[in-house]
$ cat query23.tsv   # TSV, N, CA and C atoms
chain	number	residue	atom	x	y	z
P	1	TRP	N	-30.17	13.08	-16.11
P	1	TRP	CA	-31.08	14.16	-16.34
P	1	TRP	C	-32.49	13.61	-16.54
P	2	GLN	N	-33.48	14.44	-16.31
P	2	GLN	CA	-34.87	14.05	-16.53
P	2	GLN	C	-35.62	15.19	-17.22
P	3	GLU	N	-36.59	14.81	-18.02
P	3	GLU	CA	-37.40	15.81	-18.72
P	3	GLU	C	-38.77	15.21	-18.99
P	4	SER	N	-39.75	16.07	-19.20
P	4	SER	CA	-41.11	15.65	-19.52
P	4	SER	C	-41.19	15.14	-20.96
P	5	ILE	N	-42.00	14.11	-21.17
P	5	ILE	CA	-42.21	13.62	-22.54
P	5	ILE	C	-43.03	14.62	-23.35
P	6	ASN	N	-43.62	15.59	-22.69
P	6	ASN	CA	-44.42	16.61	-23.37
P	6	ASN	C	-43.59	17.81	-23.81
P	7	VAL	N	-42.29	17.72	-23.64
P	7	VAL	CA	-41.42	18.82	-24.05
P	7	VAL	C	-41.56	19.06	-25.55
P	8	GLU	N	-41.52	20.30	-25.93
P	8	GLU	CA	-41.63	20.68	-27.35
P	8	GLU	C	-40.34	21.34	-27.79
P	9	VAL	N	-40.06	21.25	-29.06
P	9	VAL	CA	-38.88	21.92	-29.59
P	9	VAL	C	-39.07	23.43	-29.50
P	10	GLY	N	-40.24	23.91	-29.86
P	10	GLY	CA	-40.53	25.34	-29.76
P	10	GLY	C	-39.53	26.18	-30.52
P	11	ASN	N	-39.06	27.23	-29.88
P	11	ASN	CA	-38.08	28.13	-30.50
P	11	ASN	C	-36.65	27.69	-30.25
P	12	TYR	N	-36.47	26.57	-29.60
P	12	TYR	CA	-35.13	26.12	-29.26
P	12	TYR	C	-34.51	25.35	-30.41
P	13	THR	N	-33.25	25.61	-30.65
P	13	THR	CA	-32.50	24.90	-31.67
P	13	THR	C	-31.62	23.85	-31.03
P	14	LEU	N	-31.05	24.19	-29.88
P	14	LEU	CA	-30.10	23.31	-29.22
P	14	LEU	C	-30.43	23.15	-27.74
P	15	TRP	N	-29.99	22.03	-27.19
P	15	TRP	CA	-29.98	21.83	-25.75
P	15	TRP	C	-28.52	21.75	-25.35
P	16	ILE	N	-28.18	22.40	-24.25
P	16	ILE	CA	-26.83	22.29	-23.70
P	16	ILE	C	-26.98	21.73	-22.30
P	17	MET	N	-26.38	20.56	-22.09
P	17	MET	CA	-26.43	19.89	-20.79
P	17	MET	C	-25.03	19.85	-20.20
P	18	VAL	N	-24.95	19.98	-18.88
P	18	VAL	CA	-23.68	19.98	-18.19
P	18	VAL	C	-23.69	18.84	-17.18
P	19	ASP	N	-22.69	17.98	-17.27
P	19	ASP	CA	-22.53	16.88	-16.31
P	19	ASP	C	-21.53	17.34	-15.26
P	20	LEU	N	-22.02	17.58	-14.06
P	20	LEU	CA	-21.17	18.05	-12.97
P	20	LEU	C	-20.64	16.92	-12.10
P	21	SER	N	-20.92	15.67	-12.47
P	21	SER	CA	-20.46	14.54	-11.66
P	21	SER	C	-19.01	14.19	-11.94
P	22	ALA	N	-18.47	14.65	-13.04
P	22	ALA	CA	-17.07	14.37	-13.38
P	22	ALA	C	-16.17	15.36	-12.63
P	23	GLU	N	-14.87	15.07	-12.66
P	23	GLU	CA	-13.92	15.95	-11.98
P	23	GLU	C	-13.97	17.37	-12.55
P	24	THR	N	-14.09	17.45	-13.86
P	24	THR	CA	-14.30	18.74	-14.52
P	24	THR	C	-15.64	18.66	-15.26
P	25	PRO	N	-16.36	19.75	-15.36
P	25	PRO	CA	-17.66	19.71	-16.04
P	25	PRO	C	-17.54	19.21	-17.48
P	26	GLU	N	-18.51	18.41	-17.89
P	26	GLU	CA	-18.57	17.91	-19.26
P	26	GLU	C	-19.82	18.49	-19.91
P	27	PHE	N	-19.65	18.95	-21.14
P	27	PHE	CA	-20.73	19.63	-21.85
P	27	PHE	C	-21.22	18.78	-23.02
P	28	TYR	N	-22.53	18.76	-23.17
P	28	TYR	CA	-23.18	18.05	-24.28
P	28	TYR	C	-24.09	19.05	-24.98
P	29	ILE	N	-23.87	19.23	-26.26
P	29	ILE	CA	-24.64	20.18	-27.05
P	29	ILE	C	-25.37	19.38	-28.12
P	30	ALA	N	-26.68	19.29	-28.02
P	30	ALA	CA	-27.45	18.42	-28.92
P	30	ALA	C	-28.58	19.20	-29.58
P	31	PRO	N	-28.93	18.81	-30.80
P	31	PRO	CA	-30.08	19.42	-31.48
P	31	PRO	C	-31.36	19.17	-30.68
P	32	ALA	N	-32.20	20.18	-30.60
P	32	ALA	CA	-33.43	20.10	-29.81
P	32	ALA	C	-34.34	18.96	-30.27
P	33	GLN	N	-34.54	18.80	-31.57
P	33	GLN	CA	-35.43	17.74	-32.04
P	33	GLN	C	-34.87	16.37	-31.70
P	34	TRP	N	-33.57	16.21	-31.76
P	34	TRP	CA	-32.93	14.94	-31.42
P	34	TRP	C	-33.20	14.61	-29.95
P	35	MET	N	-33.12	15.63	-29.07
P	35	MET	CA	-33.37	15.42	-27.64
P	35	MET	C	-34.83	15.05	-27.38
P	36	VAL	N	-35.74	15.75	-28.02
P	36	VAL	CA	-37.17	15.44	-27.85
P	36	VAL	C	-37.44	14.00	-28.27
P	37	ASP	N	-36.86	13.58	-29.39
P	37	ASP	CA	-37.05	12.21	-29.86
P	37	ASP	C	-36.47	11.20	-28.87
P	38	LEU	N	-35.29	11.49	-28.31
P	38	LEU	CA	-34.66	10.60	-27.33
P	38	LEU	C	-35.55	10.46	-26.09
P	39	ILE	N	-36.03	11.57	-25.57
P	39	ILE	CA	-36.85	11.55	-24.36
P	39	ILE	C	-38.12	10.73	-24.57
P	40	ARG	N	-38.77	10.95	-25.67
P	40	ARG	CA	-40.01	10.21	-25.94
P	40	ARG	C	-39.74	8.73	-26.19
P	41	SER	N	-38.66	8.40	-26.88
P	41	SER	CA	-38.37	6.98	-27.13
P	41	SER	C	-37.93	6.28	-25.85
P	42	ASN	N	-37.20	6.96	-24.97
P	42	ASN	CA	-36.83	6.37	-23.67
P	42	ASN	C	-38.08	6.05	-22.86
P	43	HIS	N	-39.02	6.98	-22.85
P	43	HIS	CA	-40.25	6.77	-22.08
P	43	HIS	C	-41.04	5.58	-22.65
P	44	GLN	N	-41.16	5.52	-23.96
P	44	GLN	CA	-41.90	4.42	-24.57
P	44	GLN	C	-41.18	3.09	-24.34
P	45	ALA	N	-39.86	3.09	-24.38
P	45	ALA	CA	-39.10	1.86	-24.13
P	45	ALA	C	-39.35	1.36	-22.71
P	46	TYR	N	-39.44	2.28	-21.75
P	46	TYR	CA	-39.75	1.90	-20.38
P	46	TYR	C	-41.14	1.25	-20.31
P	47	LEU	N	-42.12	1.88	-20.93
P	47	LEU	CA	-43.48	1.34	-20.91
P	47	LEU	C	-43.56	-0.02	-21.60
P	48	ASP	N	-42.75	-0.23	-22.63
P	48	ASP	CA	-42.77	-1.48	-23.39
P	48	ASP	C	-41.93	-2.58	-22.75
P	49	SER	N	-41.14	-2.24	-21.72
P	49	SER	CA	-40.25	-3.24	-21.11
P	49	SER	C	-41.03	-4.17	-20.17
P	50	GLU	N	-40.42	-5.31	-19.89
P	50	GLU	CA	-41.06	-6.30	-19.02
P	50	GLU	C	-40.76	-6.01	-17.56
P	51	ASN	N	-41.75	-6.25	-16.73
P	51	ASN	CA	-41.55	-6.21	-15.29
P	51	ASN	C	-40.81	-7.49	-14.92
P	52	PRO	N	-39.61	-7.41	-14.33
P	52	PRO	CA	-38.85	-8.62	-14.03
P	52	PRO	C	-39.55	-9.56	-13.04
P	53	LYS	N	-40.43	-9.03	-12.22
P	53	LYS	CA	-41.13	-9.86	-11.25
P	53	LYS	C	-42.28	-10.64	-11.87
P	54	THR	N	-42.99	-10.01	-12.81
P	54	THR	CA	-44.17	-10.66	-13.38
P	54	THR	C	-43.96	-11.18	-14.80
P	55	GLY	N	-42.94	-10.65	-15.49
P	55	GLY	CA	-42.71	-11.04	-16.88
P	55	GLY	C	-43.68	-10.39	-17.85
P	56	LYS	N	-44.54	-9.53	-17.34
P	56	LYS	CA	-45.51	-8.83	-18.19
P	56	LYS	C	-44.97	-7.45	-18.57
P	57	VAL	N	-45.45	-6.96	-19.70
P	57	VAL	CA	-45.08	-5.62	-20.13
P	57	VAL	C	-45.62	-4.62	-19.11
P	58	LYS	N	-44.78	-3.66	-18.74
P	58	LYS	CA	-45.18	-2.68	-17.72
P	58	LYS	C	-46.39	-1.87	-18.16
P	59	GLY	N	-46.30	-1.20	-19.28
P	59	GLY	CA	-47.42	-0.45	-19.82
P	59	GLY	C	-47.77	0.83	-19.09
P	60	HIS	N	-47.21	1.04	-17.91
P	60	HIS	CA	-47.47	2.27	-17.15
P	60	HIS	C	-46.36	2.47	-16.14
P	61	ARG	N	-46.34	3.62	-15.53
P	61	ARG	CA	-45.33	3.93	-14.52
P	61	ARG	C	-45.60	3.11	-13.27
P	62	ALA	N	-44.56	2.68	-12.61
P	62	ALA	CA	-44.69	1.80	-11.45
P	62	ALA	C	-45.34	2.48	-10.25
P	63	ARG	N	-44.92	3.70	-9.96
P	63	ARG	CA	-45.41	4.34	-8.74
P	63	ARG	C	-46.36	5.51	-8.99
P	64	THR	N	-46.07	6.27	-10.00
P	64	THR	CA	-46.85	7.48	-10.25
P	64	THR	C	-47.43	7.41	-11.66
P	65	GLU	N	-48.62	6.91	-11.74
P	65	GLU	CA	-49.28	6.65	-13.02
P	65	GLU	C	-49.28	7.86	-13.95
P	66	GLY	N	-49.53	9.03	-13.43
P	66	GLY	CA	-49.63	10.22	-14.28
P	66	GLY	C	-48.30	10.87	-14.61
P	67	SER	N	-47.22	10.31	-14.12
P	67	SER	CA	-45.92	10.92	-14.36
P	67	SER	C	-45.58	10.92	-15.84
P	68	ASP	N	-45.10	12.04	-16.32
P	68	ASP	CA	-44.78	12.14	-17.74
P	68	ASP	C	-43.30	12.44	-17.99
P	69	HIS	N	-42.46	12.16	-17.00
P	69	HIS	CA	-41.04	12.43	-17.19
P	69	HIS	C	-40.29	11.13	-17.44
P	70	THR	N	-39.13	11.28	-18.00
P	70	THR	CA	-38.25	10.14	-18.23
P	70	THR	C	-36.82	10.60	-18.07
P	71	ALA	N	-35.94	9.66	-17.81
P	71	ALA	CA	-34.53	9.97	-17.60
P	71	ALA	C	-33.72	9.67	-18.84
P	72	PHE	N	-32.61	10.37	-18.96
P	72	PHE	CA	-31.62	10.03	-19.98
P	72	PHE	C	-30.25	10.22	-19.35
P	73	LYS	N	-29.29	9.45	-19.82
P	73	LYS	CA	-27.96	9.40	-19.21
P	73	LYS	C	-26.90	9.96	-20.16
P	74	PRO	N	-25.77	10.39	-19.60
P	74	PRO	CA	-24.70	10.92	-20.44
P	74	PRO	C	-24.29	9.98	-21.57
P	75	GLU	N	-24.27	8.68	-21.32
P	75	GLU	CA	-23.85	7.76	-22.39
P	75	GLU	C	-24.84	7.75	-23.56
P	76	GLN	N	-26.08	8.15	-23.31
P	76	GLN	CA	-27.06	8.20	-24.40
P	76	GLN	C	-26.88	9.42	-25.30
P	77	ILE	N	-26.19	10.41	-24.79
P	77	ILE	CA	-25.95	11.62	-25.58
P	77	ILE	C	-24.46	11.83	-25.84
P	78	ALA	N	-23.68	10.77	-25.67
P	78	ALA	CA	-22.21	10.87	-25.79
P	78	ALA	C	-21.76	11.44	-27.13
P	79	GLN	N	-22.50	11.17	-28.18
P	79	GLN	CA	-22.10	11.67	-29.50
P	79	GLN	C	-22.13	13.19	-29.57
P	80	TRP	N	-22.78	13.82	-28.61
P	80	TRP	CA	-22.89	15.28	-28.61
P	80	TRP	C	-21.95	15.94	-27.61
P	81	LYS	N	-21.05	15.15	-27.01
P	81	LYS	CA	-20.09	15.72	-26.05
P	81	LYS	C	-19.21	16.74	-26.78
P	82	ASP	N	-19.13	17.92	-26.21
P	82	ASP	CA	-18.30	19.01	-26.74
P	82	ASP	C	-18.61	19.34	-28.20
P	83	ALA	N	-19.85	19.21	-28.60
P	83	ALA	CA	-20.25	19.51	-29.99
P	83	ALA	C	-20.51	21.01	-30.15
P	84	TRP	N	-19.54	21.80	-29.76
P	84	TRP	CA	-19.68	23.25	-29.82
P	84	TRP	C	-19.85	23.75	-31.24
P	85	TRP	N	-19.46	22.96	-32.21
P	85	TRP	CA	-19.62	23.36	-33.61
P	85	TRP	C	-21.09	23.63	-33.94
P	86	LEU	N	-21.99	23.01	-33.19
P	86	LEU	CA	-23.42	23.26	-33.42
P	86	LEU	C	-23.80	24.70	-33.07
P	87	VAL	N	-23.15	25.23	-32.05
P	87	VAL	CA	-23.42	26.61	-31.63
P	87	VAL	C	-22.93	27.59	-32.69
P	88	ASP	N	-21.86	27.22	-33.36
P	88	ASP	CA	-21.26	28.10	-34.37
P	88	ASP	C	-21.99	28.09	-35.71
P	89	ASP	N	-23.05	27.29	-35.84
P	89	ASP	CA	-23.78	27.20	-37.10
P	89	ASP	C	-25.04	28.07	-37.01
P	90	PRO	N	-24.95	29.35	-37.39
P	90	PRO	CA	-26.09	30.25	-37.22
P	90	PRO	C	-27.30	29.90	-38.09
P	91	THR	N	-27.09	29.11	-39.13
P	91	THR	CA	-28.20	28.76	-40.02
P	91	THR	C	-28.98	27.56	-39.52
P	92	GLY	N	-28.40	26.80	-38.58
P	92	GLY	CA	-29.04	25.57	-38.13
P	92	GLY	C	-29.06	24.51	-39.21
P	93	ALA	N	-28.11	24.60	-40.13
P	93	ALA	CA	-28.10	23.71	-41.29
P	93	ALA	C	-27.38	22.39	-41.03
P	94	TYR	N	-27.01	22.13	-39.80
P	94	TYR	CA	-26.32	20.88	-39.47
P	94	TYR	C	-27.23	19.70	-39.76
P	95	GLN	N	-26.62	18.59	-40.05
P	95	GLN	CA	-27.37	17.37	-40.36
P	95	GLN	C	-27.31	16.42	-39.17
P	96	VAL	N	-28.44	15.93	-38.76
P	96	VAL	CA	-28.51	14.97	-37.67
P	96	VAL	C	-28.84	13.63	-38.28
P	97	GLY	N	-28.03	12.64	-37.95
P	97	GLY	CA	-28.30	11.33	-38.52
P	97	GLY	C	-27.72	10.21	-37.76
$ encode --input "query23.tsv" --output "structure tokens"
Amino acid sequence: WQESINVEVGNYTLWIMVDLSAETPEFYIAPAQWMVDLIRSNHQAYLDSENPKTGKVKGHRARTEGSDHTAFKPEQIAQWKDAWWLVDDPTGAYQVG
């Protein structure tokens, strides 16, 4: 999946993502703030990583300088697989840690 680093939590409490690459669909239900934090940290980790060809920190996107999106993978959100209990919490009082 990909999302903009400028995404805001806004009025959203949860994100529900569906992985259609498996034989049967897999669902990931994650708190919105947790997802925003993941997206921004993934983007920063990319910028802070070394270019294998030069050994220097990348510091910017390789092809599209102004691009503000970043990718995240199912294994990065695995803890939220089938976390339907989050949907059942109308108060949003769940603890993320």
$ closest_residue --input "query23.tsv" --among "P:Phe72, P:Tyr46, P:Trp15, P:Trp85" --to "Tyr28 (chain P)" --atoms "only C-alpha atoms"
P:Trp15
$ closest_residue --input "query23.tsv" --among "P:His43, P:Met35, P:Ile16, P:Thr24" --to "His69 (chain P)" --atoms "all atoms listed in the file"
P:His43
$ atom_distance --input "query23.tsv" --atom1 "atom C of Leu86 (chain P)" --atom2 "CA of Phe27 (chain P)"
12.7 Å
$ closest_residue --input "query23.tsv" --among "P:Asn42, P:Asn51, P:Asp68, P:Gln33" --to "Gly10 (chain P)" --atoms "only N, CA and C atoms"
P:Gln33
$ closest_residue --input "query23.tsv" --among "P:Lys81, P:Glu3, P:Asp88, P:Lys53" --to "Ile29 (chain P)" --atoms "only C-alpha atoms"
P:Lys81
$ atom_distance --input "query23.tsv" --atom1 "CA of Pro74 (chain P)" --atom2 "CA of Trp34 (chain P)"
14.3 Å
$ atom_distance --input "query23.tsv" --atom1 "CA of Ala45 (chain P)" --atom2 "CA of Pro25 (chain P)"
29.0 Å
$ select_by_dssp --input "query23.tsv" --residues "region 3-57 of chain P" --states "strand (DSSP E)" --output "list in words"
Glu3, Ser4, Leu14, Trp15, Ile16, Met17, Val18, Asp19, Glu26, Phe27, Tyr28, Ile29, Ala30 and Pro31 of chain P
$ residues_around --input "query23.tsv" --residues "Leu14 (chain P)" --least-positions-apart "6" --cutoff "5 Å" --atoms "all atoms listed in the file" --output "ChimeraX atom specification"
/P:30-32
$ axis_aligned_box --input "query23.tsv" --around "region 65-81 of chain P" --padding-each-side "6 Å" --output "AutoDock Vina command-line options"
--center_x -34.4 --center_y 11.7 --center_z -20.7 --size_x 42.4 --size_y 22.1 --size_z 29.8
